[in-house]
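Undergrad: Submitted below is the structure of interest, expressed as structure tokens.
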Amino acid sequence: MILTLDIGTSSVRAICWSRTLQQLFAVSAEYRMNYALDGSATVDADELVNLVFTTVDDVVRKCSVEYLAVAVSTFWHSLIALDEDYKPKSELLSWNDTRSRQAASLLRSHFDERSTHLRTGCRFHSSYWPAKIVYLQSLGVRAAKYASFSDYLFLKLFGKFKTTHSIASATGLYQQSTGTWDEVLSEYLAVQDKLPAIDDEPETYLLQEYAQRWPALKKAIWYPPVGDGAASNVGCGCLSDDKAALMIGTSGAIRIVTQKALLLPALWQYKLDRSRAIVGAAVSNGGNLYRWLVDTLKLDSRLEEVAAQLAADSHGLTILPHLSGERSPCWNDASVGVILGLRLSTTALDIFRATLEALALQFYPVFAQLEQAVGKPVSTVVATGRALIESQLLQRIFCDVLGVHLLVSDVAEASSRGAALLALKYCGEHITNLPSGRWLAPDPRAHEVYVAAASRQYRLYKTLYPDVTC
């Protein structure tokens, strides 16, 4: 059996897989980040560790076998400040904690952002470690060490302070070409001796406390953690540079696995492992935006069915859906949600559909950059992520906005499946069956309408933020 732990920004999922990659049993536990008006998005690191541990308790109790391997996928970009005894000195700052946006501006004034982007794969933004570290330092937080959540989790389990290439590559402090911590930024931040070792070797010996707690995992190989986005590409079969994985979960992203790509301004570059890169774009608003719409507008269960009857861009609204700030395409921490064009005739349903369209329209320019980056057309876009897989309306909108054939994956847990695949490959077993799904073809007329809508959205954005470079 393979056990996967998929740690997202709203839930922890533990899944038992057979060695032929059949999902046998799953346990899920939800939690909430703490959000505030100042832009904070945090959770207590120890409470999240305990949630992971109780989820493991539950799954090994209900699926009591001896496990061959454990594979972990987790959200990227999180940061915890630790003291000399490796205890938290701060809460865990999530990727969508935007309080460090002024620190990101400060970094832009000290460094050439383009050269830093080419070196680290990351822009200066509140999502990444450099801005977060500057922010924590400005609060007087004196950290002895800095860690991602998966680093802290493995520190608890194995007593070793280390990270992986996949997790480190998305911090903004990792040099993509050398696979090491970036010397320029590390020296500026004075963190050269405060970062975990980068090591992709698996772990095999749990600390005694956990070996006794989970006898079924005592002999298991713990595959090095990977970012959930990278694992998702593996899980849905997008491992070549002509296939893009489009994910709408809590947030949203579109990603391609490649050996080499031209890194353009809207894009980032992280790692799947030491040798394979993940190039893509990400937005901070996805399923969280969908949930906000449903909760705020008080729409009933038939909302999708009714909204699907509306023609593309027929509501007269132009929306910036940046309720959690903005990442791609312009990486503007200061951007907020905007609705332009409200009239007495505007309905809640208009706002609902227009906001979903606005979400998809953000992907139109970055999809063009993604094709330019890999130097070829993307022939297939595979839809993943719970929010996208569960919404036929969102699938149709994205298909028409991008103007490409969309394969709606039948893999509901792409990150978990990808982590299991990576673990099986490490153990010498190769699974070749690719996930199937349902195909959607774009409507050329709707695509033409959406191209014009994307241009209108961009004009609104530049009117509000004329100094922001996209």
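How things are named: the first chain in the structure tokens is A, the next is B, and so on; residues count from 1 in each chain; ligands count from 1 in the order shown.
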Got a sec to tell me which of region 40-267 of chain A DSSP assigns to strand (DSSP E or B), as an MDAnalysis selection string?
TA: chainID A and resid 41:43 69:74 79:82 88 92:93 145:147 162:163 174:175 180:181 197:198 203 221:222 226:227 243:248 252:258
Undergrad: Enumerate the residues of region 1-110 of chain A with a DSSP assignment of alpha helix (DSSP H), computed from the backbone, and present them as a PyMOL selection string.
TA: chain A and resi 45-62+101-110
Undergrad: Filtering to N, CA and C atoms, could you give me those residues as a CSV table (one decimal), in the first residue's frame?
TA:
chain,number,residue,atom,x,y,z
A,45,ALA,N,1.1,26.6,13.3
A,45,ALA,CA,1.9,25.5,12.7
A,45,ALA,C,1.7,24.2,13.4
A,46,ASP,N,1.7,24.2,14.8
A,46,ASP,CA,1.6,23.0,15.6
A,46,ASP,C,0.2,22.4,15.5
A,47,GLU,N,-0.8,23.3,15.4
A,47,GLU,CA,-2.2,22.8,15.2
A,47,GLU,C,-2.3,22.1,13.9
A,48,LEU,N,-1.7,22.6,12.8
A,48,LEU,CA,-1.8,22.0,11.5
A,48,LEU,C,-1.0,20.6,11.6
A,49,VAL,N,0.1,20.6,12.2
A,49,VAL,CA,0.8,19.3,12.4
A,49,VAL,C,0.0,18.3,13.1
A,50,ASN,N,-0.7,18.7,14.2
A,50,ASN,CA,-1.5,17.8,14.9
A,50,ASN,C,-2.7,17.3,14.0
A,51,LEU,N,-3.2,18.2,13.2
A,51,LEU,CA,-4.3,17.8,12.3
A,51,LEU,C,-3.8,16.7,11.3
A,52,VAL,N,-2.6,16.9,10.8
A,52,VAL,CA,-2.0,15.9,9.9
A,52,VAL,C,-1.8,14.6,10.7
A,53,PHE,N,-1.3,14.6,11.9
A,53,PHE,CA,-1.1,13.4,12.7
A,53,PHE,C,-2.4,12.7,13.0
A,54,THR,N,-3.4,13.4,13.4
A,54,THR,CA,-4.7,12.8,13.7
A,54,THR,C,-5.3,12.2,12.4
A,55,THR,N,-5.1,12.8,11.3
A,55,THR,CA,-5.6,12.2,10.0
A,55,THR,C,-4.8,10.9,9.7
A,56,VAL,N,-3.5,10.9,10.0
A,56,VAL,CA,-2.8,9.6,9.8
A,56,VAL,C,-3.3,8.6,10.8
A,57,ASP,N,-3.5,9.0,12.0
A,57,ASP,CA,-4.1,8.1,13.0
A,57,ASP,C,-5.4,7.4,12.4
A,58,ASP,N,-6.2,8.2,11.9
A,58,ASP,CA,-7.5,7.8,11.4
A,58,ASP,C,-7.4,6.8,10.2
A,59,VAL,N,-6.5,7.1,9.3
A,59,VAL,CA,-6.4,6.3,8.1
A,59,VAL,C,-5.7,5.0,8.4
A,60,VAL,N,-4.7,5.0,9.2
A,60,VAL,CA,-4.0,3.7,9.5
A,60,VAL,C,-4.8,2.8,10.4
A,61,ARG,N,-5.7,3.4,11.2
A,61,ARG,CA,-6.6,2.6,12.0
A,61,ARG,C,-7.7,1.9,11.2
A,62,LYS,N,-8.2,2.7,10.2
A,62,LYS,CA,-9.2,2.1,9.3
A,62,LYS,C,-8.7,1.3,8.1
A,101,ARG,N,3.5,43.1,1.5
A,101,ARG,CA,3.5,43.7,0.1
A,101,ARG,C,4.4,45.0,0.1
A,102,GLN,N,4.5,45.7,1.2
A,102,GLN,CA,5.4,46.9,1.2
A,102,GLN,C,6.9,46.4,1.2
A,103,ALA,N,7.1,45.3,1.9
A,103,ALA,CA,8.5,44.7,1.8
A,103,ALA,C,8.9,44.3,0.4
A,104,ALA,N,7.9,43.8,-0.3
A,104,ALA,CA,8.2,43.4,-1.7
A,104,ALA,C,8.6,44.7,-2.5
A,105,SER,N,7.9,45.8,-2.3
A,105,SER,CA,8.2,47.0,-3.0
A,105,SER,C,9.6,47.5,-2.6
A,106,LEU,N,10.0,47.3,-1.3
A,106,LEU,CA,11.3,47.7,-0.8
A,106,LEU,C,12.4,46.8,-1.6
A,107,LEU,N,12.1,45.6,-1.7
A,107,LEU,CA,13.1,44.7,-2.4
A,107,LEU,C,13.2,45.1,-3.9
A,108,ARG,N,12.2,45.6,-4.5
A,108,ARG,CA,12.3,46.0,-5.9
A,108,ARG,C,13.2,47.3,-6.0
A,109,SER,N,13.2,48.1,-5.0
A,109,SER,CA,14.0,49.3,-5.0
A,109,SER,C,15.5,49.0,-4.7
A,110,HIS,N,15.8,47.8,-4.2
A,110,HIS,CA,17.2,47.4,-3.9
A,110,HIS,C,17.8,46.5,-5.0
Undergrad: Counting only C-alpha atoms, what is within 10 Å of Val449 (chain A), bar same-chain residues fewer than 2 positions away, as a ChimeraX atom specification?
TA: /A:311-314,400-401,444-447,451-454
Undergrad: What is the distance, in Å and to one decimal place, between CA of Ile389 (chain A) and CA of Ser40 (chain A)?
TA: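 Taking CA of Ile389 (chain A) as the start and CA of Ser40 (chain A) as the end point, the length is 28.7 Å.
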Undergrad: Skipping near chain neighbours, those fewer than 4 positions away, what residues fall within 8 Å of region 68-82 of chain A using only C-alpha atoms, listed as a VMD selection string?
TA: chain A and resid 1 to 9 45 86 to 95 127 to 129 132 141 143 to 150 167 170 to 171 217 219 to 229 231 415 to 416 419 to 420 422 to 424
Undergrad: Write out as a PyMOL selection string which residues come within 12 Å of Gly237 (chain A) when counting only C-alpha atoms, dropping same-chain ones fewer than 2 positions away.
TA: chain A and resi 230-235+239-246+255-257+380-384+407+409-411+414-415+417-418+421+431-437
Undergrad: Could you please take those selected residues and save N, CA and C atoms as a compact mmCIF listing (two decimals), in the first residue's frame?
TA:
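Writing done, so here's again_7.txt:
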# COMPACT_ATOMS: atom_id res chain seq x y z
N ALA A 230 3.10 20.67 -8.51
CA ALA A 230 3.93 19.74 -9.26
C ALA A 230 3.35 18.34 -9.23
N ALA A 231 2.89 17.92 -8.05
CA ALA A 231 2.28 16.59 -7.93
C ALA A 231 1.03 16.49 -8.77
N SER A 232 0.27 17.57 -8.87
CA SER A 232 -0.95 17.56 -9.67
C SER A 232 -0.65 17.32 -11.14
N ASN A 233 0.40 17.95 -11.68
CA ASN A 233 0.77 17.71 -13.08
C ASN A 233 1.08 16.25 -13.31
N VAL A 234 1.80 15.63 -12.37
CA VAL A 234 2.10 14.20 -12.50
C VAL A 234 0.82 13.38 -12.45
N GLY A 235 -0.05 13.72 -11.52
CA GLY A 235 -1.26 12.93 -11.31
C GLY A 235 -2.23 12.97 -12.46
N LEU A 239 3.05 15.69 -18.27
CA LEU A 239 4.49 15.63 -18.03
C LEU A 239 5.30 15.99 -19.26
N SER A 240 4.65 16.50 -20.30
CA SER A 240 5.36 16.97 -21.49
C SER A 240 4.97 18.42 -21.74
N ASP A 241 5.81 19.13 -22.53
CA ASP A 241 5.60 20.57 -22.66
C ASP A 241 4.52 20.94 -23.67
N ASP A 242 3.76 19.96 -24.17
CA ASP A 242 2.60 20.29 -25.01
C ASP A 242 1.28 20.06 -24.25
N LYS A 243 1.38 19.74 -22.96
CA LYS A 243 0.20 19.51 -22.14
C LYS A 243 0.27 20.40 -20.91
N ALA A 244 -0.77 21.18 -20.70
CA ALA A 244 -0.83 22.07 -19.54
C ALA A 244 -1.90 21.58 -18.57
N ALA A 245 -1.59 21.64 -17.30
CA ALA A 245 -2.57 21.33 -16.26
C ALA A 245 -3.15 22.63 -15.76
N LEU A 246 -4.46 22.76 -15.87
CA LEU A 246 -5.18 23.92 -15.37
C LEU A 246 -5.87 23.51 -14.07
N ARG A 255 0.06 25.10 -15.45
CA ARG A 255 1.45 24.67 -15.32
C ARG A 255 1.85 23.69 -16.42
N ILE A 256 3.12 23.74 -16.78
CA ILE A 256 3.70 22.81 -17.75
C ILE A 256 5.01 22.28 -17.18
N VAL A 257 5.24 20.97 -17.30
CA VAL A 257 6.53 20.37 -16.94
C VAL A 257 7.45 20.44 -18.15
N THR A 380 -3.15 20.35 -25.47
CA THR A 380 -4.14 19.84 -24.52
C THR A 380 -4.05 20.59 -23.21
N VAL A 381 -5.18 21.02 -22.72
CA VAL A 381 -5.27 21.58 -21.37
C VAL A 381 -6.13 20.63 -20.55
N VAL A 382 -5.58 20.14 -19.45
CA VAL A 382 -6.28 19.20 -18.59
C VAL A 382 -6.80 19.95 -17.37
N ALA A 383 -8.10 19.86 -17.14
CA ALA A 383 -8.74 20.56 -16.02
C ALA A 383 -8.63 19.71 -14.77
N THR A 384 -8.08 20.30 -13.70
CA THR A 384 -7.96 19.63 -12.42
C THR A 384 -8.39 20.58 -11.32
N LEU A 407 -9.69 18.89 -21.53
CA LEU A 407 -9.96 17.55 -21.02
C LEU A 407 -10.25 17.68 -19.53
N SER A 409 -10.44 16.19 -16.33
CA SER A 409 -9.89 14.96 -15.76
C SER A 409 -10.88 14.28 -14.84
N ASP A 410 -10.87 12.96 -14.87
CA ASP A 410 -11.72 12.21 -13.94
C ASP A 410 -10.97 11.87 -12.65
N VAL A 411 -9.78 12.48 -12.48
CA VAL A 411 -9.01 12.29 -11.25
C VAL A 411 -9.35 13.42 -10.30
N ALA A 414 -5.77 14.78 -7.96
CA ALA A 414 -4.60 14.73 -8.84
C ALA A 414 -3.30 14.86 -8.06
N SER A 415 -3.25 15.72 -7.04
CA SER A 415 -2.02 15.89 -6.27
C SER A 415 -1.67 14.61 -5.52
N ARG A 417 -2.65 11.55 -6.30
CA ARG A 417 -2.29 10.53 -7.29
C ARG A 417 -0.87 10.76 -7.79
N GLY A 418 -0.52 12.03 -8.02
CA GLY A 418 0.83 12.33 -8.49
C GLY A 418 1.88 11.97 -7.46
N LEU A 421 2.32 8.25 -7.54
CA LEU A 421 3.10 7.86 -8.72
C LEU A 421 4.59 8.08 -8.50
N ILE A 431 3.81 2.84 -13.29
CA ILE A 431 2.40 2.77 -13.67
C ILE A 431 2.22 3.59 -14.93
N THR A 432 1.68 2.99 -15.97
CA THR A 432 1.57 3.68 -17.26
C THR A 432 0.15 4.14 -17.57
N ASN A 433 -0.85 3.68 -16.80
CA ASN A 433 -2.21 4.07 -17.14
C ASN A 433 -2.43 5.55 -16.85
N LEU A 434 -2.87 6.28 -17.86
CA LEU A 434 -3.12 7.71 -17.73
C LEU A 434 -4.58 7.95 -17.39
N PRO A 435 -4.86 9.00 -16.65
CA PRO A 435 -6.25 9.30 -16.33
C PRO A 435 -7.04 9.68 -17.57
N SER A 436 -8.30 9.34 -17.59
CA SER A 436 -9.17 9.70 -18.69
C SER A 436 -10.03 10.87 -18.27
N GLY A 437 -11.01 11.22 -19.10
CA GLY A 437 -11.87 12.34 -18.75
C GLY A 437 -12.85 12.65 -19.86
Undergrad: Let me make sure I understand: among A:Trp268, A:Trp439, A:Trp292, A:Phe398, which one has the smallest atom-to-atom distance to His117 (chain A) if we use only C-alpha atoms?
TA: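 For His117 (chain A), the nearest of the candidates is A:Trp268.
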Undergrad: So, counting only C-alpha atoms, which residue among A:Ile133, A:Leu155, A:Leu394, A:Val65 is closest to Glu305 (chain A)?
TA: A:Leu394
Undergrad: For Ala41 (chain A), please output as a short mmCIF file (atom, residue, chain, number, x, y, z; two decimals) with N, CA and C atoms, in the first residue's frame all residues within 8 Å (counting only C-alpha atoms; exclusion window: fewer than 4 positions along the same chain).
TA:
data_model
loop_
_atom_site.label_atom_id
_atom_site.label_comp_id
_atom_site.auth_asym_id
_atom_site.auth_seq_id
_atom_site.Cartn_x
_atom_site.Cartn_y
_atom_site.Cartn_z
N MET A 33 -7.84 28.77 7.51
CA MET A 33 -6.83 29.80 7.74
C MET A 33 -7.50 30.95 8.50
N ASN A 34 -6.70 31.71 9.21
CA ASN A 34 -7.18 32.90 9.89
C ASN A 34 -6.93 34.11 9.00
N TYR A 35 -8.00 34.72 8.50
CA TYR A 35 -7.89 35.87 7.61
C TYR A 35 -8.31 37.14 8.34
N ALA A 36 -7.66 38.25 8.01
CA ALA A 36 -8.01 39.53 8.61
C ALA A 36 -7.90 40.63 7.57
N LEU A 93 2.77 31.62 7.95
CA LEU A 93 2.27 32.59 6.98
C LEU A 93 1.98 31.86 5.68
N SER A 94 0.75 31.93 5.21
CA SER A 94 0.35 31.23 3.99
C SER A 94 0.79 32.02 2.76
N TRP A 95 0.66 31.38 1.60
CA TRP A 95 1.02 32.02 0.34
C TRP A 95 0.20 33.28 0.08
N ASN A 96 -1.02 33.34 0.61
CA ASN A 96 -1.89 34.49 0.33
C ASN A 96 -1.94 35.49 1.47
N ASP A 97 -0.93 35.45 2.35
CA ASP A 97 -0.76 36.49 3.35
C ASP A 97 -0.07 37.67 2.68
N THR A 98 -0.77 38.79 2.53
CA THR A 98 -0.25 39.92 1.75
C THR A 98 0.31 41.04 2.62
#
Undergrad: So, with only C-alpha atoms as the atoms that count, which of A:His165, A:Leu320, A:Leu173, A:Asp199 lies closest to Ser275 (chain A)?
TA: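 The answer is A:His165, which sits nearest to Ser275 (chain A).
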Undergrad: For Pro442 (chain A), find every residue with an atom within 7 Å (counting only C-alpha atoms), except residues of its own chain fewer than 4 positions away, and show them as a list in words.
TA: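 Skipping anything fewer than 4 positions along the chain leaves Cys399, Asp400, Gly403, Val404 and His405 of chain A.
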